[in-house]
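A short worksheet on the structure shown next.
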Amino acid sequence: MSRHPILLLMVMCLFLVRVAPVHAALDAKTGDEFTVYFSTHLSGTSGDYEDYYEDEDEWRHYQLTSINGSVATWVMTRNYTFSSSDGESYTEDTQHLFYVDTVTRRYLNSTYDAPSSYATYYSFDFIWFQIDPNVEPGDKIMILGHEYTVKGVTTVFTDAIAAFKAIEVTLPGAVDHVRDPEYDPSGLLRISFTESYYFDPITGYFVASAYSAYVVTSVGDFEWTELGAVQEHSYPLEADMAARYQRIVIYLGVVCSPVVLIVGAIKYSKARWRKEVDRALDIISGRVPVPAPDKTSVAPTLWDPLTLDYSSLLENPPATQPLDLAPGVFVVTEPDNRVVVVATQQEKRLENVVLEFRDETLRVLYRLALGLLESGTLEYERLKEIHPDLLEYVHPVAEPGARDDLVYEKFMSAEFKGARLLAGRVKRGKMRDEFLQEVDALANESADILARRKVLDYSLGQAPLTPTAHAMKLRQVLRFSPSSVLMVGDDDLLSISLARRGVEVTLVEIDPYTCALVTLIARSEGLPIRVVQCDLRDPLPIDIGVFDLFVADPDFTIEAFALFLSRGLSGIRTGGIGLINFEATRSQAYRAEYLLERLNVEVLSKPQEMWSYVVLSNVVATGGHVSAKYVSVDYSKRVCLAEAPYRSVMFVIRKNPETMVALPPDATLMAPDSVIYDL
C-alpha cells in the first residue's frame with residue numbers, strides 16, 4: 001500500500017475528472033443531450049405556513065432530435081417527485097416536445113406542447129436552457145419580463161468537486177405579484193426573489209442555477225429555494241481544473257477525515273441494523289430458535305388475554321338498569337401484573353385503587369366497563385369482595401357501551417383538538433379551510449367512539465389515538481376506497497368508523513375488552529364487523545378471508561413489525577394496500593425499510609408525521625419512565641387524561657406477486673412477550 005494516500009487519491013482524481021478542451025463557440029447539433037437535477041424546498045415561516053414544508057426532486061433529460069433550418073426540435077423527459085408535511089406525496093413522469101430558434105435560442109411559443117397551465121410558470125424552467133455564448137459582461141437578457149444582467153465568466157460547482165467555467169446571468173432582486181389560489185385564498189402572492197443562472201461559455205447550454213425567494217401571502221409567509229445542476233452531458237464543458245484541485249485539497253485536509261469517520265459509523269450502524277432485521281426474520285420464519293431472555297434484565301410477566309374469552313364478557317346482559325364505570329374512571333392493566341382503577345374526574349376526588357391481578361377480577365371489571373353489570377347479582381357482590389371502595393366507581397347508564405360524557409367533553413376541549421398534530425399539514429388557503437372542517441367533523445365522531453373505551457391495557461402496549469389522530473388515520477384509509485379491511489389490532493376503534501361507512505371489517509385482536517366493545521357497538525348499530533380474538537403469534541383462522549387493505553400499528557420492536565406485517569400481508573389480495581406505522585427514529589425507520597425490501601414489499605409512500613395518543617399521566621409531572629407511547633404513572637398521586645404526541649412513519653405499501661410473507665398464515669411464532677412488546 002502506498003505511504004502517500006493523499007497523493008495517490010489526487011492522482012486517481014485526475015483520471016476521474018472529465019477535462020474539456022477549449023473550443024470556439026460551438027453550435028447545437030443533432031444528438032446533443034444532457035440531464036439536469038433540480039432540488040426545491042419550501043419552508044413556512046409564519047401564519048398558517050409555520051412548520052409547513054414541501055420538497056420537490058426533479059430530473060430533466062433534454063435531447064436535440066433534429067434541426068430543420070432555423071428550428072431545432074427538442075424532447076424533454078421529466079421525472080418529478082413531490083412530498084409535503086401534510087402527508088401528500090406523488091411522482092409524475094411527463095414528456096414535452098418543443099421547438100427552439102437556433103439563432104436566438106428562444107423557444108417558439110406556438111409549438112410548445114406542454115399543458116397550457118405550464119406556459120407562464122415553466123417557460124423558463126423547461127425551455128430557456130441555452131443562451132448565445134457570445135454575450136459580454138453588462139449585456140441584458142429579457143426572460144419572462146425580467147431583465148437579467150450578464151456578469152461574465154465565473155466558476156460554478158455542480159457537485160462537491162466538479163467545477164466548470166460558466167457565464168453568470170443574474171437578477172439581483174425582483175418582485176413578482178403572482179395569482180395562485182393554491183397558496184393564497186386571495187389568489188395574489190408577493191414574491192421577492194433573487195436568481196442566478198450559469199451557462200457554458202462554449203455551447204451556451206445550462207450548467208447550474210440558484211433561486212431564492214420569500215413569498216408573502218394573506219395567510220402567512222414562506223421561503224422558497226431551488227438549486228439546479230447539470231449531471232450528464234454529451235458535449236464538452238469547460239472544466240475549471242484549478243478550482244477542482246483546490247476543492248479536493250480542502251476536502252482531503254478538512255472534510256474527509258471526519259466524513260470518513262461519520263460514513264464509517266453510519267455504514268457500521270446500518271450493517272448492524274440489517275443484521276438485526278435478518279435475525280428477526282430468521283426468528284419469525286422459524287429458521288433459528290428464539291434466544292433465551294437475558295437473566296440480568298427484569299422482563300414483565302404479562303397475562304394471557306386468551307384466558308378470557310371476549311364472548312363470555314357479553315353473556316347475560318342486564319335485565320334492568322345497566323351499571324357502568326363512573327364518569328372519568330378507567331381500568332388499567334399494568335405490565336407488572338397490577339390492575340388499577342383510575343379516577344380522572346376533577347370535580348370529585350376518588351382514590352385510585354390498585355388491585356392484585358386475577359382473571360376473575362378482570363372479568364368483573366371489564367363487564368362493568370362495558371356497562372353489563374346489574375345491581376343485586378353475584379357479579380355486583382363480587383365488586384365488594386374485590387375492594388370495598390369499588391362501589392363508589394359504579395354509575396347507572398341508559399344502555400351498555402354508553403359514551404362517557406365527561407371523557408367526551410375532555411376530548412372536545414382545546415387540549416385534545418390536535419393543534420400540534422395539524423400544524424403544517426395543509427397550508428393552502430381554501431384547501432386548508434376545507435381540510436380543517438373535514439377533520440373537525442370526523443374528530444367529533446371519533447370522540448364519541450373513543451369516549452366509550454374505558455380500559456387501557458398497558459401490558460399489551462395499548463395507547464388509543466386521540467380523536468383528531470383517529471380522524472387523520474380514517475382519511476388515510478378512505479383515500480383507497482376499500483370495500484373490505486383487515487384490522488390487525490385495533491385499540492383505536494377504527495373498525496367502528498370504517499364500518500359506519502359501509503366498509504366490511506374483520507378485526508383480529510388479542511384483547512378481550514376491545515373485542516367485546518367493538519362487538520357490542522357493532523350489534524347495536526348493525527355494523528358489518530367480524531371479530532376474531534387471536535394472538536397473532538398463533539395461526540390465523542382458515543376462513544379469515546381476503547381483503548382490499550389492512551391497517552396495523554404494532555409495538556415498536558422489529559419483531560412486532562414483522563409479525564403484524566406478515567399477518568396483514570396474508571390477509572390482503574395481490575395488489576392490496578397496507579398501512580402500517582412504526583417508530584420514526586433513524587435506526588427504526590431503516591430497520592423497517594430494510595425488512596420491507598427483504599420481503600419484496602412495494603413502498604408507495606412513507607410520510608413521517610406527528611401522531612397523538614391518549615395516555616394517563618400525573619397531573620403534576622413525576623419524572624417517571626417514558627417508553628414509546630407508554631408513560632409510567634404514580635397512582636398514589638392525582639391522574640388525568642393527557643395527549644402524548646409521538647412521531648412515527650406510516651408505511652403505505654402494496655402487495656405484489658413477488659412479495660414474501662415472513663410468517664405464513666398457518667404458522668406459529670414461538671416468541672415470548674419480551675420479544676414482541678416494547679416495555
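Letters for chains follow the order of the C-alpha cells (A, B, ...), residue numbers begin at 1 for each chain, and ligand numbers begin at 1 in the order shown.
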
message: Write out as a list in words the set of residues from range 578-642 of chain A that DSSP, computed on the backbone, places in helix (DSSP H, G or I).
response: Arg586, Ser587, Gln588, Ala589, Tyr590, Arg591, Ala592, Glu593, Tyr594, Leu595, Leu596, Glu597 and Arg598 of chain A

- request: Fewer than 2 positions away in the same chain doesn't count, so skip those; otherwise give me all residues within 9 Å of range 314-325 of chain A, counting only C-alpha atoms, as a PyMOL selection string.
  value: chain A and resi 310-312+327-331+365+367-375+393-402+404+454+516+519-520

message: Could you list, as a PyMOL selection string, every residue within 10 Å of range 202-211 of chain A, counting only C-alpha atoms and ignoring same-chain residues fewer than 4 positions away?
response: chain A and resi 22-28+34-38+40+105+128-135+156-158+164-171+193-198+224-231+233+235-238

Neighbour list for Leu663 in chain A as a list in words, cut-off 9 Å, only C-alpha atoms, skip fewer than 6 positions in-chain: Leu281, Ile284, Ser285, Gly286, Ala562, Leu563, Ser566, Arg567, Ser570 and Leu669 of chain A

For the interface of range 634-679 of chain A with range 469-490 of chain A (cut-off 12 Å, counting only C-alpha atoms), please tabulate each contacting residue of range 634-679 of chain A alongside its nearest pair of atoms and their separation in Å to one decimal, rows sorted by chain and increasing number, as CSV.
```
residue,atom,partner,partner_atom,distance
A:Glu643,CA,A:Ala469,CA,10.6
A:Ala644,CA,A:Ala469,CA,11.1
A:Pro645,CA,A:Ala469,CA,9.8
A:Tyr646,CA,A:Ala469,CA,10.9
A:Arg647,CA,A:Ala469,CA,11.8
A:Met650,CA,A:Lys473,CA,9.7
A:Phe651,CA,A:Gln476,CA,11.3
A:Val652,CA,A:Gln476,CA,9.5
A:Ile653,CA,A:Phe480,CA,11.8
A:Arg654,CA,A:Phe480,CA,11.6
```

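Across range 521-565 of chain A, DSSP run on the backbone finds strand (DSSP E) at A:Ile529, A:Arg530, A:Val531, A:Val532, A:Gln533, A:Phe547, A:Asp548, A:Leu549, A:Phe550, A:Val551, A:Ala552.
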
Filtering to C-alpha atoms, could you give me those residues as a PDB file, in the first residue's frame?
```pdb
ATOM      1  CA  ILE A 529     -67.777  -6.150  11.585  1.00  0.00           C
ATOM      2  CA  ARG A 530     -66.437  -9.639  12.258  1.00  0.00           C
ATOM      3  CA  VAL A 531     -64.324 -10.007  15.414  1.00  0.00           C
ATOM      4  CA  VAL A 532     -61.680 -12.724  15.829  1.00  0.00           C
ATOM      5  CA  GLN A 533     -59.937 -12.951  19.197  1.00  0.00           C
ATOM      6  CA  PHE A 547     -59.230  -8.055   1.868  1.00  0.00           C
ATOM      7  CA  ASP A 548     -58.504  -4.910  -0.107  1.00  0.00           C
ATOM      8  CA  LEU A 549     -56.472  -3.285   2.653  1.00  0.00           C
ATOM      9  CA  PHE A 550     -55.010  -3.900   6.096  1.00  0.00           C
ATOM     10  CA  VAL A 551     -54.197  -1.493   8.929  1.00  0.00           C
ATOM     11  CA  ALA A 552     -51.649  -2.182  11.684  1.00  0.00           C
TER      12      ALA A 552
END
```

message: As an exercise, work out the distance from CA of Thr585 in chain A to CA of Asp553 in chain A in Å and give it to one decimal place.
response: 15.6 Å
